[in-house]
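Report on the following structure.
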Amino acid sequence: MKMLLTGNEAVARGAWEAGVRYASAYPGTPSTEILETIAEYKDDVLAEWAPNEKVAFEAAMGGAFAGARTLAAMKHVGVNVAADPLFTMAYIGTNGGMVLVTADEPGQHSSQNEQDNRQYARFAKVPLLEPSDSQESLDMMKVAYDVSEEFDTPVLVRMTTRVCHSKGIVEVGGRVEVPIRPFVKNVQKYMTVPSFAQKMRVKVEARMGRLLEYSDASPLNYIEWNDRAVGVVATGAAYRFAREVFGDRASYLKLGFTNPLPDERIREFCAGVEKIYVVEENDPIVEERVRMLGFACSGKDVFPPYGELTPDVLRKSLYGETLPHLDASAENVVARPPSLCAGCPHRGFFYELGKRKNVIVAGDIGCYTLGFSDPFNAMDYNVCMGASISSGHGFQQVLDMIPDDKRRVLSVMGDSTFFHTGFNSLLDVIYNGSRTVNVILDNRITGMTGHQQNPGTGFTLQGKPTKVVDIEALVRAIGIEHVVSIDPNDLTAVKNAFDWAFSLDEPSVIITRWPCVLKKFTEADKTEFPTIFKAQCRVIEETCIGCRMCLRTGCSSLVYDAATNKVRIDPAQCVGCGVCLQVCKPVAIVKEERRNG
Amino acid sequence: MVRSILLVGVGGQGTLLASKILTTGLMQAGYDVKMSEIHGMSQRGGSVSSQVRYGDKVESPVIEIGGADILVSFEKMEALRWLPYLNPKGKAVVNDFELPSAPILAGKSLYPKGVLDELRSKVAATVVDAAGIAKRLGNARSMNLVLFGALVAGMGLADIDWETVISENVKKETVEINLKAFREGMAQARG
């Protein structure tokens with residue numbers, strides 16, 4: 001049967017067909033839909049969101065030790081979080097097959113960096129597969145599980161955004177039921193005390209030797225002979241892009257099994273062509289191997305080491321220009337940056353925060369990162385998941401060393417980020433006696449990646465009701481004495497919370513609690529927030545003086561008409577959060593019952 | 001022979017449904033099809049695109065600069081933003097519909113006045129009042145099917161049984177109105 005699937009859907013399908021029984025992940029673009037798709041195979045696979053990628057990897061690892069085929073999936077930076085268990089599991093090996101899918105982001109469409117996670121395969125000494133499209137995503141998952149069990153190792157599969165989020169026609173198959181292998185107690189295999197781990201270390205090298213033979217024999221590394229004047233060595237999506245540009249004229253060495261790289265195949269191919277181009281996104285990993293094997297080639301000297309190697313980028317690198325095209329005049333194209341949605345509960349918070357002076361705002365990863373931008377300008381830096389509270393602590397410690405420096409640090413992150421690694425950061429704050437203001441923006445869901453459940457929402461990935469972790473109780477339990485929960489749409493409450501927190505010389509936590517406007521509200525939400533989005537705001541035209549104060553809230557439902565010097569509110573967007581109404585001095589905005597649903 | 005269709009608009013405008021119908025129909029008609037989208041942060045009120053390529057054998061799911069045979073823009077200004085991706089000999093189908101972006105809403109810029117003039121002066125452009133047509137038909141949300149109809153006519157793909165594909169991919173109660181929108185869009189592009 002043929003289906004039109006994204007790479008993420010195909011990876012999930014491949015895992016299911018390979019007999020996977022247990023899967024764990026933390027959401028992150030472009031990986032999120034892998035686990036969401038696996039979750040649909042409810043009868044065969046238990047799929048779970050973990051609080052972070054390290055936990056996800058470890059849960060899948062435990063399941064594999066217990067003898068089932070398991071999967072962990074995450075975005076590229078998530079593998080940094082999961083790197084600790086990955087490196088040591090590479091020594092131990094596995095029982096049931098285990099695959100880690102990394103979704104890399106050449107081009108950084110939704111990411112803070114562009115790290116090439118193929119380096120992790122080399123670094124941790126695990127096999128690596130690189131699909132170039134949806135069909136390969138499905139097929140390679142099956143190969144990955146066989147390799148994992150045959151060679152007793154976790155396997156890394158590297159996807160990239162264009163593979164994850166592109167659809168292609170895929171021939172799908174049925175599921176193979178793979179029995180759970182018995183776990184046999186064997187401390188020399190599973191205990192990593194130095195005396196055993198030293199022996200494992202030797203075995204890892206022997207395994208890499210056997211994997212090299214496998215790589216050379218693998219049909220995933222194949223040669224397409226055409227004209228031999230130009231030979232292209234390519235991996236992943238870059239192979240598809242290269243085919244567009246070089247067409248059927250060039251010969252190709254298509255690499256799908258890329259750690260270890262197939263030295264014999266590379267030699268055979270490179271000896272058979274005149275000019276060699278290595279086309280791979282990000283780091284020159286294949287290129288360095290080709291050179292090491294003694295072949296002169298072009299790679300990063302011609303193609304950029306960053307961004308995607310889409311056909312236009314390849315064309316420009318090779319020939320100096322893209323296909324003929326037209327440019328638009330700059331005056332007719334106004335920028336369209338992403339912004340907080342109308343009704344976003346972060347708006348009121350950042351509106352008030354932006355007015356504060358002498359505050360350093362440590363930001364984090366989520367929709368609320370947009371707090372840095374116009375019109376709020378209320379964030380000074382952000383780095384990685386969970387880093388705002390810990391780095392904010394360090395920042396404050398140093399500020400306090402500077403004589404007469406009165407600046408205070410406010411660290412801000414979302415609920416899911418707090419569960420991810422923010423909680424550990426808060427332990428640092430309380431343990432080391434900090435005085436930072438720590439804000440948890442609890443919008444009752446994992447927002448930016450598209451509404452995944454988390455330990456605070458009351459539901460599992462597969463929709464089952466579960467325990468709700470109470471953030472306020474958790475924060476108090478570790479010793480934070482100054483805690484307040486507020487409605488972020490109430491600007492007075494936000495302002496008062498800031499005044500109170502900055503007056504303290506001890507650490508405080510402010511929890512803002514209001515659901516994401518795009519969330520599907522649960523019964524619990526409806527009970528807790530009975531007024532939620534039942535209203536709508538409207539501008540009384542005669543009263544509006546055109547002062548545009550309301551526009552400083554940055555809400556997309558507010559439209560300023562220069563001709564009339566008035567603002568109006570788009571009823572299709574407004575959900576009546578009332579933030580604009582509170583900043584309107586002439587009282588020209590009223591809140592009414594919602595009419596259109 | 002591979003052909004490339006670029007659908008652009010603003011996050012939340014319904015380019016997704018149009019590209020789903022398009023890829024489904026093309027696959028059923030026996031073409032190899034690939035489609036690419038970018039998700040994530042760019043979705044929050046930002047500029048979005050769906051790229052569809054079809055033919056005997058498609059390699060890249062991505063349309064390169066100067067590579068699109070047709071550019072269908074669900075929003076006026078977005079047509080110009082994505083213009084470099086259109087083959088200068090290709091066609092543009094443009095919705096005569098404005099969604100002001102953040103700097104415009106904030107009063108820092110004005111919505112540009114010369115968008116359609118510039119487009120018409122540079123490429124073969126069909127301007128469709130999809131919003132007006134959809135409203136007249138009784139459902140503002142069927143705007144994307146009007147544009148889809150114009151796309152089908154513009155690409156000469158009318159032989160495919162789109163009405164069945166549409167019927168299977170929209171909500172039951174909206175089938176009739178969406179089919180009307182589709183036919184109206186086809187008629188507009190045939191002009």
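Letters for chains follow the order of the structure tokens (A, B, ...), residue numbers begin at 1 for each chain, and ligand numbers begin at 1 in the order shown.
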
Can you check which parts of chain A lie within 6 Å of chain B? Per residue, the shortest pair of atoms and distance in Å to one decimal, counting only C-alpha atoms, sorted by chain and number, as JSON lines.
```
{"residue": "A:Ser110", "atom": "CA", "partner": "B:Met41", "partner_atom": "CA", "distance": 5.5}
{"residue": "A:His165", "atom": "CA", "partner": "B:Glu37", "partner_atom": "CA", "distance": 5.9}
{"residue": "A:Ser166", "atom": "CA", "partner": "B:Ser36", "partner_atom": "CA", "distance": 4.1}
{"residue": "A:Lys167", "atom": "CA", "partner": "B:Met35", "partner_atom": "CA", "distance": 4.9}
{"residue": "A:Gly168", "atom": "CA", "partner": "B:Lys34", "partner_atom": "CA", "distance": 4.6}
{"residue": "A:Arg240", "atom": "CA", "partner": "B:Glu59", "partner_atom": "CA", "distance": 5.0}
{"residue": "A:Phe241", "atom": "CA", "partner": "B:Ser60", "partner_atom": "CA", "distance": 5.3}
{"residue": "A:Pro311", "atom": "CA", "partner": "B:Glu64", "partner_atom": "CA", "distance": 5.8}
{"residue": "A:Asp312", "atom": "CA", "partner": "B:Glu64", "partner_atom": "CA", "distance": 5.1}
{"residue": "A:Leu323", "atom": "CA", "partner": "B:Gly66", "partner_atom": "CA", "distance": 5.2}
{"residue": "A:Pro324", "atom": "CA", "partner": "B:Gly66", "partner_atom": "CA", "distance": 5.6}
{"residue": "A:His325", "atom": "CA", "partner": "B:Gly66", "partner_atom": "CA", "distance": 4.6}
{"residue": "A:Leu326", "atom": "CA", "partner": "B:Pro84", "partner_atom": "CA", "distance": 5.0}
{"residue": "A:Asp327", "atom": "CA", "partner": "B:Pro84", "partner_atom": "CA", "distance": 5.3}
{"residue": "A:Ala328", "atom": "CA", "partner": "B:Leu80", "partner_atom": "CA", "distance": 5.6}
{"residue": "A:Asn332", "atom": "CA", "partner": "B:Pro112", "partner_atom": "CA", "distance": 5.0}
{"residue": "A:Arg336", "atom": "CA", "partner": "B:Ser101", "partner_atom": "CA", "distance": 5.2}
{"residue": "A:Pro337", "atom": "CA", "partner": "B:Gly46", "partner_atom": "CA", "distance": 5.4}
{"residue": "A:Pro338", "atom": "CA", "partner": "B:Gly46", "partner_atom": "CA", "distance": 4.5}
{"residue": "A:Ser339", "atom": "CA", "partner": "B:Arg44", "partner_atom": "CA", "distance": 5.7}
{"residue": "A:Leu551", "atom": "CA", "partner": "B:Ala106", "partner_atom": "CA", "distance": 5.6}
{"residue": "A:Val559", "atom": "CA", "partner": "B:Leu105", "partner_atom": "CA", "distance": 5.1}
{"residue": "A:Tyr560", "atom": "CA", "partner": "B:Leu105", "partner_atom": "CA", "distance": 5.8}
```

Restricting the output to N, CA and C atoms, write the selected residues as a PDB file, in the first residue's frame.
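Printed below is again.pdb as written:
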```pdb
ATOM      1  N   SER A 110      13.691  26.730  13.470  1.00  0.00           N
ATOM      2  CA  SER A 110      13.037  26.866  14.786  1.00  0.00           C
ATOM      3  C   SER A 110      14.000  26.521  15.906  1.00  0.00           C
ATOM      4  N   HIS A 165       9.812  17.153   7.718  1.00  0.00           N
ATOM      5  CA  HIS A 165       8.588  17.885   7.403  1.00  0.00           C
ATOM      6  C   HIS A 165       8.246  17.906   5.920  1.00  0.00           C
ATOM      7  N   SER A 166       8.886  17.052   5.137  1.00  0.00           N
ATOM      8  CA  SER A 166       8.488  16.922   3.737  1.00  0.00           C
ATOM      9  C   SER A 166       7.691  15.645   3.581  1.00  0.00           C
ATOM     10  N   LYS A 167       6.683  15.709   2.709  1.00  0.00           N
ATOM     11  CA  LYS A 167       5.903  14.508   2.422  1.00  0.00           C
ATOM     12  C   LYS A 167       6.382  13.855   1.151  1.00  0.00           C
ATOM     13  N   GLY A 168       6.304  12.546   1.116  1.00  0.00           N
ATOM     14  CA  GLY A 168       6.593  11.820  -0.100  1.00  0.00           C
ATOM     15  C   GLY A 168       5.769  10.541  -0.111  1.00  0.00           C
ATOM     16  N   ARG A 240      19.258  14.572  -2.313  1.00  0.00           N
ATOM     17  CA  ARG A 240      18.111  14.940  -3.177  1.00  0.00           C
ATOM     18  C   ARG A 240      18.356  16.293  -3.836  1.00  0.00           C
ATOM     19  N   PHE A 241      18.905  17.229  -3.069  1.00  0.00           N
ATOM     20  CA  PHE A 241      19.178  18.563  -3.623  1.00  0.00           C
ATOM     21  C   PHE A 241      20.245  18.462  -4.724  1.00  0.00           C
ATOM     22  N   PRO A 311      18.774  23.351  -3.678  1.00  0.00           N
ATOM     23  CA  PRO A 311      19.314  23.451  -5.031  1.00  0.00           C
ATOM     24  C   PRO A 311      19.824  24.842  -5.380  1.00  0.00           C
ATOM     25  N   ASP A 312      19.128  25.904  -4.917  1.00  0.00           N
ATOM     26  CA  ASP A 312      19.613  27.246  -5.267  1.00  0.00           C
ATOM     27  C   ASP A 312      20.962  27.547  -4.612  1.00  0.00           C
ATOM     28  N   LEU A 323      18.933  30.216 -10.534  1.00  0.00           N
ATOM     29  CA  LEU A 323      18.126  30.305 -11.757  1.00  0.00           C
ATOM     30  C   LEU A 323      17.673  31.752 -11.926  1.00  0.00           C
ATOM     31  N   PRO A 324      17.343  32.165 -13.167  1.00  0.00           N
ATOM     32  CA  PRO A 324      16.830  33.525 -13.365  1.00  0.00           C
ATOM     33  C   PRO A 324      15.593  33.745 -12.483  1.00  0.00           C
ATOM     34  N   HIS A 325      15.505  34.900 -11.895  1.00  0.00           N
ATOM     35  CA  HIS A 325      14.348  35.179 -11.037  1.00  0.00           C
ATOM     36  C   HIS A 325      14.130  36.677 -10.932  1.00  0.00           C
ATOM     37  N   LEU A 326      12.983  37.046 -10.363  1.00  0.00           N
ATOM     38  CA  LEU A 326      12.623  38.446 -10.194  1.00  0.00           C
ATOM     39  C   LEU A 326      12.734  38.820  -8.726  1.00  0.00           C
ATOM     40  N   ASP A 327      13.123  40.043  -8.463  1.00  0.00           N
ATOM     41  CA  ASP A 327      13.124  40.527  -7.085  1.00  0.00           C
ATOM     42  C   ASP A 327      12.004  41.544  -6.914  1.00  0.00           C
ATOM     43  N   ALA A 328      11.465  41.575  -5.707  1.00  0.00           N
ATOM     44  CA  ALA A 328      10.415  42.555  -5.422  1.00  0.00           C
ATOM     45  C   ALA A 328      11.072  43.809  -4.858  1.00  0.00           C
ATOM     46  N   ASN A 332       7.520  47.626  -1.197  1.00  0.00           N
ATOM     47  CA  ASN A 332       6.221  46.951  -1.234  1.00  0.00           C
ATOM     48  C   ASN A 332       6.158  45.692  -0.365  1.00  0.00           C
ATOM     49  N   ARG A 336       7.267  40.492   8.280  1.00  0.00           N
ATOM     50  CA  ARG A 336       6.176  39.818   8.992  1.00  0.00           C
ATOM     51  C   ARG A 336       6.798  38.889  10.053  1.00  0.00           C
ATOM     52  N   PRO A 337       7.284  39.495  11.127  1.00  0.00           N
ATOM     53  CA  PRO A 337       7.928  38.666  12.153  1.00  0.00           C
ATOM     54  C   PRO A 337       6.878  37.891  12.947  1.00  0.00           C
ATOM     55  N   PRO A 338       7.269  36.730  13.534  1.00  0.00           N
ATOM     56  CA  PRO A 338       6.316  36.027  14.388  1.00  0.00           C
ATOM     57  C   PRO A 338       6.007  36.873  15.614  1.00  0.00           C
ATOM     58  N   SER A 339       4.809  36.715  16.164  1.00  0.00           N
ATOM     59  CA  SER A 339       4.447  37.490  17.349  1.00  0.00           C
ATOM     60  C   SER A 339       3.522  36.669  18.235  1.00  0.00           C
ATOM     61  N   LEU A 551      -1.584  49.805  21.346  1.00  0.00           N
ATOM     62  CA  LEU A 551      -0.714  49.088  20.410  1.00  0.00           C
ATOM     63  C   LEU A 551       0.562  48.604  21.091  1.00  0.00           C
ATOM     64  N   VAL A 559      -6.023  47.014  15.231  1.00  0.00           N
ATOM     65  CA  VAL A 559      -5.635  47.551  13.932  1.00  0.00           C
ATOM     66  C   VAL A 559      -5.728  49.070  13.976  1.00  0.00           C
ATOM     67  N   TYR A 560      -4.603  49.729  13.709  1.00  0.00           N
ATOM     68  CA  TYR A 560      -4.601  51.203  13.710  1.00  0.00           C
ATOM     69  C   TYR A 560      -4.863  51.712  12.305  1.00  0.00           C
TER      70      TYR A 560
END
```

What's the 8 Å shell around A:Ser388, counting only C-alpha atoms, without same-chain residues fewer than 3 positions away, as a PDB file with all heavy atoms, in the first residue's frame?
```pdb
ATOM      1  N   ALA A 362      16.507  37.117  32.265  1.00  0.00           N
ATOM      2  CA  ALA A 362      17.070  35.886  31.709  1.00  0.00           C
ATOM      3  C   ALA A 362      15.921  35.105  31.075  1.00  0.00           C
ATOM      4  O   ALA A 362      14.958  34.778  31.749  1.00  0.00           O
ATOM      5  CB  ALA A 362      17.735  35.074  32.816  1.00  0.00           C
ATOM      6  N   GLY A 363      16.020  34.842  29.786  1.00  0.00           N
ATOM      7  CA  GLY A 363      14.936  34.177  29.068  1.00  0.00           C
ATOM      8  C   GLY A 363      15.206  32.707  28.847  1.00  0.00           C
ATOM      9  O   GLY A 363      16.255  32.183  29.229  1.00  0.00           O
ATOM     10  N   ASP A 364      14.241  32.048  28.235  1.00  0.00           N
ATOM     11  CA  ASP A 364      14.380  30.613  28.010  1.00  0.00           C
ATOM     12  C   ASP A 364      13.755  30.236  26.673  1.00  0.00           C
ATOM     13  O   ASP A 364      13.511  31.105  25.838  1.00  0.00           O
ATOM     14  CB  ASP A 364      13.759  29.855  29.198  1.00  0.00           C
ATOM     15  CG  ASP A 364      14.617  28.666  29.607  1.00  0.00           C
ATOM     16  OD1 ASP A 364      14.759  27.753  28.778  1.00  0.00           O
ATOM     17  OD2 ASP A 364      15.142  28.667  30.732  1.00  0.00           O
ATOM     18  N   ASN A 382      18.832  34.485  25.973  1.00  0.00           N
ATOM     19  CA  ASN A 382      18.332  33.132  26.234  1.00  0.00           C
ATOM     20  C   ASN A 382      19.305  32.152  25.614  1.00  0.00           C
ATOM     21  O   ASN A 382      19.996  32.481  24.649  1.00  0.00           O
ATOM     22  CB  ASN A 382      16.897  32.933  25.712  1.00  0.00           C
ATOM     23  CG  ASN A 382      16.837  32.620  24.246  1.00  0.00           C
ATOM     24  OD1 ASN A 382      17.496  33.258  23.443  1.00  0.00           O
ATOM     25  ND2 ASN A 382      16.049  31.650  23.865  1.00  0.00           N
ATOM     26  N   VAL A 383      19.399  30.966  26.177  1.00  0.00           N
ATOM     27  CA  VAL A 383      20.418  30.017  25.729  1.00  0.00           C
ATOM     28  C   VAL A 383      19.817  28.647  25.404  1.00  0.00           C
ATOM     29  O   VAL A 383      19.752  28.240  24.252  1.00  0.00           O
ATOM     30  CB  VAL A 383      21.549  29.868  26.780  1.00  0.00           C
ATOM     31  CG1 VAL A 383      22.627  28.905  26.279  1.00  0.00           C
ATOM     32  CG2 VAL A 383      22.172  31.227  27.082  1.00  0.00           C
ATOM     33  N   MET A 385      17.145  25.150  27.087  1.00  0.00           N
ATOM     34  CA  MET A 385      16.054  24.759  27.978  1.00  0.00           C
ATOM     35  C   MET A 385      16.503  24.751  29.437  1.00  0.00           C
ATOM     36  O   MET A 385      17.467  24.064  29.800  1.00  0.00           O
ATOM     37  CB  MET A 385      15.549  23.367  27.600  1.00  0.00           C
ATOM     38  CG  MET A 385      14.850  23.290  26.259  1.00  0.00           C
ATOM     39  SD  MET A 385      13.212  24.033  26.244  1.00  0.00           S
ATOM     40  CE  MET A 385      12.277  22.844  27.218  1.00  0.00           C
ATOM     41  N   SER A 391      21.183  30.404  35.091  1.00  0.00           N
ATOM     42  CA  SER A 391      22.094  31.463  34.641  1.00  0.00           C
ATOM     43  C   SER A 391      21.712  32.786  35.294  1.00  0.00           C
ATOM     44  O   SER A 391      22.583  33.615  35.583  1.00  0.00           O
ATOM     45  CB  SER A 391      22.064  31.597  33.119  1.00  0.00           C
ATOM     46  OG  SER A 391      20.800  32.043  32.685  1.00  0.00           O
ATOM     47  N   GLY A 392      20.413  32.963  35.549  1.00  0.00           N
ATOM     48  CA  GLY A 392      19.960  34.166  36.254  1.00  0.00           C
ATOM     49  C   GLY A 392      20.568  34.228  37.647  1.00  0.00           C
ATOM     50  O   GLY A 392      20.978  35.300  38.122  1.00  0.00           O
ATOM     51  N   SER A 411      14.292  35.774  36.153  1.00  0.00           N
ATOM     52  CA  SER A 411      14.424  34.646  35.229  1.00  0.00           C
ATOM     53  C   SER A 411      13.031  34.155  34.865  1.00  0.00           C
ATOM     54  O   SER A 411      12.170  34.026  35.734  1.00  0.00           O
ATOM     55  CB  SER A 411      15.192  33.505  35.900  1.00  0.00           C
ATOM     56  OG  SER A 411      16.410  33.975  36.433  1.00  0.00           O
ATOM     57  N   VAL A 412      12.822  33.883  33.580  1.00  0.00           N
ATOM     58  CA  VAL A 412      11.467  33.506  33.161  1.00  0.00           C
ATOM     59  C   VAL A 412      11.501  32.284  32.246  1.00  0.00           C
ATOM     60  O   VAL A 412      12.346  32.164  31.358  1.00  0.00           O
ATOM     61  CB  VAL A 412      10.748  34.714  32.487  1.00  0.00           C
ATOM     62  CG1 VAL A 412      11.546  35.277  31.334  1.00  0.00           C
ATOM     63  CG2 VAL A 412       9.348  34.338  32.028  1.00  0.00           C
ATOM     64  N   MET A 413      10.594  31.350  32.525  1.00  0.00           N
ATOM     65  CA  MET A 413      10.453  30.157  31.672  1.00  0.00           C
ATOM     66  C   MET A 413       9.016  29.640  31.743  1.00  0.00           C
ATOM     67  O   MET A 413       8.241  30.055  32.608  1.00  0.00           O
ATOM     68  CB  MET A 413      11.424  29.059  32.104  1.00  0.00           C
ATOM     69  CG  MET A 413      11.192  28.502  33.484  1.00  0.00           C
ATOM     70  SD  MET A 413      12.235  27.065  33.847  1.00  0.00           S
ATOM     71  CE  MET A 413      13.874  27.723  33.737  1.00  0.00           C
ATOM     72  N   GLY A 422      14.270  23.183  34.387  1.00  0.00           N
ATOM     73  CA  GLY A 422      14.180  24.391  35.206  1.00  0.00           C
ATOM     74  C   GLY A 422      14.126  24.083  36.689  1.00  0.00           C
ATOM     75  O   GLY A 422      14.628  24.850  37.516  1.00  0.00           O
TER      76      GLY A 422
END
```

Taking only stretch 29-156 of chain B into account, list the residues labelled strand (DSSP E) by DSSP (computed from the backbone), as a ChimeraX atom specification.
/B:32-37,47-55,68-73,86-95,124-128

Write out as an MDAnalysis selection string all residues of chain B that DSSP puts in alpha helix (DSSP H) for this structure's backbone.
chainID B and resid 15:28 76:81 102:105 115:122 130:137 143:155 162:169 175:190

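Minimum atom-to-atom distance to A:Pro284, evaluated using only C-alpha atoms, belongs to A:Phe303 out of A:Tyr91, A:Tyr368, A:Phe303, A:Tyr319.
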
Stretch 483-488 of chain A environment, 12 Å, only C-alpha atoms, sequence neighbours closer than 4 positions dropped, as an MDAnalysis selection string
chainID A and resid 343:353 437:443 470:479 492:498 500:501 504 506:516 528:529 532 577:579
